[in-house]
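A.B. asks: This is protein.pdb, which holds PDB, C-alpha atoms and all ligand atoms:
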ATOM      1  CA  MET L 160     -11.951   9.152   5.548
ATOM      2  CA  ALA L 161      -8.634   7.836   4.193
ATOM      3  CA  TYR L 162      -6.824  10.268   6.493
ATOM      4  CA  LEU L 163      -8.672   9.022   9.583
ATOM      5  CA  CYS L 164      -8.112   5.342   8.697
ATOM      6  CA  GLU L 165      -4.456   5.712   7.730
ATOM      7  CA  GLY L 166      -3.775   7.946  10.738
ATOM      8  CA  ALA L 167      -0.082   8.000  11.609
ATOM      9  CA  SER L 168       0.682   6.203   8.317
ATOM     10  CA  PHE L 169      -1.122   8.757   6.088
ATOM     11  CA  LEU L 170       0.168   8.721   2.515
ATOM     12  CA  ASN L 171      -0.389  11.747   0.305
ATOM     13  CA  PRO L 172      -2.566  10.403  -2.570
ATOM     14  CA  ARG L 173      -0.771  12.388  -5.301
ATOM     15  CA  ALA L 174       2.699  11.270  -4.214
ATOM     16  CA  TYR L 175       1.499   7.688  -3.795
ATOM     17  CA  ALA L 176      -0.216   7.625  -7.214
ATOM     18  CA  LEU L 177       2.870   8.970  -8.986
ATOM     19  CA  MET L 178       5.181   6.452  -7.319
ATOM     20  CA  HIS L 179       2.780   3.546  -7.847
ATOM     21  CA  ARG L 180       2.223   4.325 -11.538
ATOM     22  CA  GLU L 181       5.987   4.479 -11.979
ATOM     23  CA  HIS L 182       6.239   1.074 -10.264
ATOM     24  CA  HIS L 183       3.671  -0.451 -12.635
ATOM     25  CA  ALA L 184       5.187   1.042 -15.787
ATOM     26  CA  TYR L 185       8.713  -0.076 -14.886
ATOM     27  CA  SER L 186       8.002  -3.146 -12.746
ATOM     28  CA  ASP L 187      11.259  -4.906 -11.786
ATOM     29  CA  THR L 188      13.455  -2.838 -14.085
ATOM     30  CA  ALA L 189      16.108  -0.341 -12.986
ATOM     31  CA  LYS L 190      13.501   2.440 -13.137
ATOM     32  CA  ASP L 191      11.145   0.708 -10.673
ATOM     33  CA  PRO L 192      11.154   2.761  -7.431
ATOM     34  CA  HIS L 193      10.942  -0.350  -5.224
ATOM     35  CA  SER L 194      11.869  -3.604  -6.937
ATOM     36  CA  PRO L 195      13.446  -6.088  -4.483
ATOM     37  CA  HIS L 196      15.743  -7.227  -7.305
ATOM     38  CA  PHE L 197      17.733  -4.008  -7.279
ATOM     39  CA  PHE L 198      18.452  -3.749  -3.552
ATOM     40  CA  LYS L 199      20.606  -5.798  -1.222
ATOM     41  CA  ASP L 200      17.977  -6.042   1.500
ATOM     42  CA  ILE L 201      14.519  -4.868   2.489
ATOM     43  CA  PHE L 202      15.906  -1.902   4.478
ATOM     44  CA  GLN L 203      17.793  -0.486   1.502
ATOM     45  CA  MET L 204      14.678  -0.870  -0.637
ATOM     46  CA  MET L 205      12.518   0.918   1.954
ATOM     47  CA  ASN L 206      15.112   3.676   2.351
ATOM     48  CA  TYR L 207      14.975   4.367  -1.358
ATOM     49  CA  THR L 208      11.155   4.057  -1.425
ATOM     50  CA  ILE L 209      10.781   6.573   1.416
ATOM     51  CA  LYS L 210      13.194   8.943  -0.333
ATOM     52  CA  THR L 211      11.318   8.650  -3.660
ATOM     53  CA  PHE L 212       8.006   9.194  -1.902
ATOM     54  CA  GLY L 213       9.391  12.210  -0.024
ATOM     55  CA  ASP L 214      10.641  13.734  -3.287
ATOM     56  CA  TYR L 215       7.226  13.320  -4.883
ATOM     57  CA  LEU L 216       5.636  14.813  -1.773
ATOM     58  CA  LYS L 217       7.854  17.910  -1.942
ATOM     59  CA  ILE L 218       7.431  17.964  -5.749
ATOM     60  CA  THR L 219      11.228  17.988  -6.102
ATOM     61  CA  ARG L 220      11.048  14.904  -8.304
ATOM     62  CA  ASN L 221       9.583  15.265 -11.769
ATOM     63  CA  THR L 222       8.032  12.418 -13.667
ATOM     64  CA  GLU L 223       6.532  11.597 -17.032
ATOM     65  CA  ALA L 224       3.367  13.489 -18.033
ATOM     66  CA  ARG L 225       1.440  10.223 -18.499
ATOM     67  CA  PHE L 226       1.698   9.485 -14.760
ATOM     68  CA  LYS L 227       0.181  12.806 -13.724
ATOM     69  CA  GLY L 228      -3.453  13.674 -12.954
ATOM     70  CA  ASN L 229      -6.529  11.750 -11.832
ATOM     71  CA  TYR L 230      -5.772  11.776  -8.120
ATOM     72  CA  PRO L 231      -7.537  13.672  -5.343
ATOM     73  CA  GLU L 232      -5.787  16.801  -4.132
ATOM     74  CA  TRP L 233      -7.158  18.243  -0.909
ATOM     75  CA  PRO L 234      -4.496  20.771   0.092
ATOM     76  CA  PHE L 235      -5.591  21.157   3.724
ATOM     77  CA  ILE L 236      -5.882  17.415   4.508
ATOM     78  CA  ASP L 237      -2.742  16.694   2.465
ATOM     79  CA  ARG L 238      -0.786  19.224   4.497
ATOM     80  CA  ILE L 239      -1.922  18.231   7.980
ATOM     81  CA  GLY L 240      -1.934  14.492   7.161
ATOM     82  CA  SER L 241       1.746  14.474   6.292
ATOM     83  CA  SER L 242       2.807  16.672   9.219
ATOM     84  CA  LEU L 243       4.844  15.340  12.113
ATOM     85  CA  LEU L 244       2.307  16.809  14.553
ATOM     86  CA  SER L 245      -0.508  14.755  13.020
ATOM     87  CA  ARG L 246       1.573  11.561  13.141
ATOM     88  CA  LEU L 247       2.493  12.218  16.791
ATOM     89  CA  LEU L 248      -1.141  12.935  17.749
ATOM     90  CA  PHE L 249      -2.300   9.700  16.145
ATOM     91  CA  GLY L 250       0.542   7.916  17.971
ATOM     92  CA  ALA L 251      -0.697   9.434  21.246
ATOM     93  CA  ALA L 252      -4.261   8.325  20.427
ATOM     94  CA  TYR L 253      -3.095   4.734  19.765
ATOM     95  CA  THR L 254      -1.137   4.780  23.044
ATOM     96  CA  SER L 255      -4.178   6.047  24.975
ATOM     97  CA  PHE L 256      -6.263   3.214  23.530
ATOM     98  CA  TYR L 257      -3.711   0.709  24.843
ATOM     99  CA  ILE L 258      -3.604   2.378  28.261
ATOM    100  CA  LEU L 259      -7.389   2.117  28.456
ATOM    101  CA  PHE L 260      -7.871  -1.388  27.064
ATOM    102  CA  ALA L 261      -4.635  -3.412  27.249
ATOM    103  CA  THR L 262      -4.906  -6.192  29.818
ATOM    104  CA  HIS L 263      -1.258  -7.350  29.785
ATOM    105  CA  TRP L 264       2.009  -5.388  29.675
ATOM    106  CA  TRP L 265       3.271  -7.313  26.644
ATOM    107  CA  MET L 266       0.465  -5.870  24.545
ATOM    108  CA  PHE L 267       2.307  -2.543  24.602
ATOM    109  CA  LEU L 268       5.051  -4.217  22.541
ATOM    110  CA  LEU L 269       2.583  -4.108  19.640
ATOM    111  CA  LEU L 270       2.475  -0.311  19.729
ATOM    112  CA  PRO L 271       5.464   0.276  17.391
ATOM    113  CA  ILE L 272       3.714  -1.898  14.780
ATOM    114  CA  HIS L 273       0.703   0.401  15.018
ATOM    115  CA  PHE L 274       2.830   3.545  14.748
ATOM    116  CA  LEU L 275       4.475   2.180  11.583
ATOM    117  CA  MET L 276       1.630   0.109  10.122
ATOM    118  CA  GLY L 277       1.834   1.678   6.636
ATOM    119  CA  PRO L 278       5.602   1.381   6.073
ATOM    120  CA  ILE L 279       5.686  -2.172   7.510
ATOM    121  CA  HIS L 280       2.824  -3.266   5.246
ATOM    122  CA  GLY L 281       4.495  -1.552   2.278
ATOM    123  CA  ALA L 282       7.842  -3.209   2.977
ATOM    124  CA  ILE L 283       6.335  -6.709   3.190
ATOM    125  CA  VAL L 284       4.161  -6.244   0.080
ATOM    126  CA  ASN L 285       6.844  -4.639  -2.081
ATOM    127  CA  TRP L 286       9.563  -7.090  -1.085
ATOM    128  CA  CYS L 287       7.704 -10.418  -0.895
ATOM    129  CA  GLY L 288       5.154  -9.610  -3.621
ATOM    130  CA  HIS L 289       7.880  -9.370  -6.237
ATOM    131  CA  LYS L 290      10.101 -12.141  -4.917
ATOM    132  CA  TYR L 291       8.352 -15.127  -3.345
ATOM    133  CA  GLY L 292       5.434 -17.238  -4.498
ATOM    134  CA  TYR L 293       3.713 -18.480  -7.625
ATOM    135  CA  THR L 294       2.403 -16.829 -10.780
ATOM    136  CA  ASN L 295      -0.902 -17.038 -12.639
ATOM    137  CA  PHE L 296       0.119 -14.700 -15.463
ATOM    138  CA  ASP L 297       3.270 -13.888 -17.383
ATOM    139  CA  ASN L 298       3.569 -10.133 -16.841
ATOM    140  CA  LYS L 299       7.175  -9.891 -18.091
ATOM    141  CA  ASP L 300       8.227  -8.921 -14.576
ATOM    142  CA  LYS L 301       8.855 -10.737 -11.294
ATOM    143  CA  SER L 302       5.489 -10.065  -9.640
ATOM    144  CA  LYS L 303       4.296 -13.009  -7.536
ATOM    145  CA  ASN L 304       1.272 -14.156  -5.615
ATOM    146  CA  THR L 305       3.019 -14.847  -2.335
ATOM    147  CA  THR L 306       0.350 -16.856  -0.569
ATOM    148  CA  PRO L 307      -3.108 -18.060  -1.567
ATOM    149  CA  PHE L 308      -4.324 -17.159   1.934
ATOM    150  CA  ASP L 309      -3.390 -13.522   2.060
ATOM    151  CA  PHE L 310      -5.515 -12.369   4.980
ATOM    152  CA  LEU L 311      -2.787 -10.655   6.961
ATOM    153  CA  MET L 312      -1.738  -8.387   4.096
ATOM    154  CA  LEU L 313      -5.380  -7.823   3.127
ATOM    155  CA  GLY L 314      -5.054  -9.150  -0.406
ATOM    156  CA  GLU L 315      -2.088  -7.016  -1.450
ATOM    157  CA  LEU L 316       0.292  -9.926  -1.834
ATOM    158  CA  PHE L 317      -1.518 -11.038  -4.991
ATOM    159  CA  GLN L 318       0.948  -8.826  -6.875
ATOM    160  CA  ASN L 319       1.044 -11.096  -9.927
ATOM    161  CA  ASN L 320      -2.741 -10.761 -10.340
ATOM    162  CA  HIS L 321      -2.609  -7.029  -9.574
ATOM    163  CA  HIS L 322       0.017  -6.336 -12.249
ATOM    164  CA  LYS L 323      -2.001  -8.283 -14.814
ATOM    165  CA  HIS L 324      -5.270  -6.506 -13.881
ATOM    166  CA  PRO L 325      -4.198  -3.170 -12.333
ATOM    167  CA  ASN L 326      -7.715  -1.686 -12.602
ATOM    168  CA  SER L 327      -9.420  -4.573 -10.852
ATOM    169  CA  ALA L 328     -10.399  -3.902  -7.218
ATOM    170  CA  ASN L 329     -10.449  -7.649  -6.517
ATOM    171  CA  PHE L 330      -6.834  -8.890  -6.249
ATOM    172  CA  GLY L 331      -7.916 -12.539  -5.932
ATOM    173  CA  LYS L 332      -8.376 -14.229  -9.314
ATOM    174  CA  ARG L 333      -8.593 -17.968  -8.651
ATOM    175  CA  TRP L 334     -11.165 -19.656  -6.440
ATOM    176  CA  PHE L 335      -8.748 -20.146  -3.562
ATOM    177  CA  GLU L 336      -7.389 -16.596  -3.668
ATOM    178  CA  ILE L 337      -9.427 -14.509  -1.253
ATOM    179  CA  ASP L 338      -8.958 -10.746  -1.190
ATOM    180  CA  PRO L 339     -10.661  -9.860   2.120
ATOM    181  CA  VAL L 340     -10.880  -6.143   1.316
ATOM    182  CA  TYR L 341     -12.897  -6.622  -1.865
ATOM    183  CA  PRO L 342     -16.250  -7.386  -0.145
ATOM    184  CA  ILE L 343     -15.664  -4.347   2.096
ATOM    185  CA  MET L 344     -15.113  -2.199  -1.002
ATOM    186  CA  ARG L 345     -18.294  -3.616  -2.554
ATOM    187  CA  LEU L 346     -20.173  -2.694   0.619
ATOM    188  CA  MET L 347     -18.715   0.832   0.586
ATOM    189  CA  HIS L 348     -19.656   1.124  -3.085
ATOM    190  CA  TRP L 349     -23.197   0.015  -2.264
ATOM    191  CA  MET L 350     -23.323   2.605   0.547
ATOM    192  CA  ARG L 351     -22.080   5.248  -1.938
ATOM    193  CA  ILE L 352     -18.979   6.041   0.143
ATOM    194  CA  ILE L 353     -16.672   5.068  -2.732
ATOM    195  CA  LYS L 354     -17.257   4.443  -6.430
ATOM    196  CA  LEU L 355     -15.845   1.281  -7.958
ATOM    197  CA  ARG L 356     -15.098   1.437 -11.668
ATOM    198  CA  LYS L 357     -15.757  -1.479 -13.962
ATOM    199  CA  ALA L 358     -12.530  -3.429 -14.387
ATOM    200  CA  PHE L 359     -11.323  -4.025 -17.912
TER     201      PHE L 359
HETATM  202 ZN    ZN L 401       3.895  -4.492  -7.637
END
The structure given in the file should be rewritten as structure tokens.

C.D. replies:
Amino acid sequence: MAYLCEGASFLNPRAYALMHREHHAYSDTAKDPHSPHFFKDIFQMMNYTIKTFGDYLKITRNTEARFKGNYPEWPFIDRIGSSLLSRLLFGAAYTSFYILFATHWWMFLLLPIHFLMGPIHGAIVNWCGHKYGYTNFDNKDKSKNTTPFDFLMLGELFQNNHHKHPNSANFGKRWFEIDPVYPIMRLMHWMRIIKLRKAF
């Protein structure tokens, strides 16, 4: 399911979990794999993030034992999902959709955003979410809630809330902070597609 939805932007769950746990443990310190405070610009940060992720994917990067385990490992899906062929086929599928349904030529300019949806979303969240905005909690890092109306980034820019409550599926904590994905997760939980844990 995650593979089909992520498509061309598929992220191997093990590699992602390892990198993300490292980010939480070392948020905005020199050991954080993608803190905006240790890179000159967003491109340098993404370069390093992609390299770190690639190293975790190839298992050439080792990490602390406490970060390991508790992630799904489906060798077949993991292998095809990360392959260039899979990314190109999804790209071709997105292009076909545009050929069938686009009503103006300029709509095709949106295609590159679809090819690179995951990395673009990651770059915006990792850069802005630890740099711009306000805080609800003192997390001893630079995590921020960038905007109270975080519809475009689907709730992920509530980084300050997320670092305070990393196990909470709802990233919105105050009445005006709406995490639009949370109701969808509740629905999927109700339909028994996913299982939400109780947040502590
Ligand atoms: Zn963060």

A.B. asks: Could you pull the residues within 12 Å of L:Pro342, counting only C-alpha atoms, minus those fewer than 3 positions along the same chain, as a list of chain:residue names?

C.D. replies: L:Leu313, L:Gly314, L:Ala328, L:Asn329, L:Phe330, L:Gly331, L:Ile337, L:Asp338, L:Pro339, L:Arg345, L:Leu346, L:Met347, L:His348, L:Trp349, L:Leu355

A.B. asks: Could the residues that lie within 12 Å of ligand ZN 401 (chain L), counting all atoms listed in the file, be listed as a ChimeraX atom specification?

C.D. replies: /L:178-188,191-195,281-290,298,300-305,315-325,330

A.B. asks: Using atom CA of L:Pro278 and atom CA of L:Arg333 as the two end points, give the distance in Å to one decimal.

C.D. replies: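 Value for the atom CA of L:Pro278-atom CA of L:Arg333 distance: 28.2 Å.
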
A.B. asks: Convert the output of the PyMOL selection byres (((chain L and resi 164) around 12) and not hetatm) on the shown file into explicit residues, formatted as a ChimeraX atom specification.

C.D. replies: /L:160-163,165-170,240,249,273,276-277

A.B. asks: Fewer than 6 positions away in the same chain doesn't count, so skip those; otherwise give me all residues within 8 Å of stretch 211-222 of chain L, counting all atoms listed in the file, as a PyMOL selection string.

C.D. replies: chain L and resi 171+173-175+177-178+192

A.B. asks: I need the residue nearest L:Phe296 from this list: L:Phe197, L:Met266, L:Lys332, L:Trp233. Use all atoms listed in the file for the distance.

C.D. replies: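 Nearest candidate to L:Phe296 out of L:Phe197, L:Met266, L:Lys332, L:Trp233: L:Lys332.
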
A.B. asks: If we count only C-alpha atoms and set the cut-off at 12 Å, which residues sit around stretch 251-264 of chain L, ignoring sequence neighbours fewer than 3 positions away in its own chain? Please answer as a list of chain:residue names.

C.D. replies: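 Neighbouring residues, sequence-local ones excluded: L:Leu163, L:Gly166, L:Ala167, L:Leu244, L:Ser245, L:Arg246, L:Leu247, L:Leu248, L:Phe267, L:Leu268, L:Leu269, L:Leu270, L:Pro271, L:Ile272, L:His273, L:Phe274, L:Leu275, L:Met276.
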
A.B. asks: Quick one: distance from atom CA of L:Tyr341 to atom CA of L:Thr306 in Å, one decimal?

C.D. replies: 16.8 Å

A.B. asks: With only C-alpha atoms as the basis for distance, which of L:Tyr230, L:Lys210, L:Met204, L:His196 is at the shortest distance from L:Ala176?

C.D. replies: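 Of L:Tyr230, L:Lys210, L:Met204, L:His196, the one nearest L:Ala176 is L:Tyr230, counting only C-alpha atoms.
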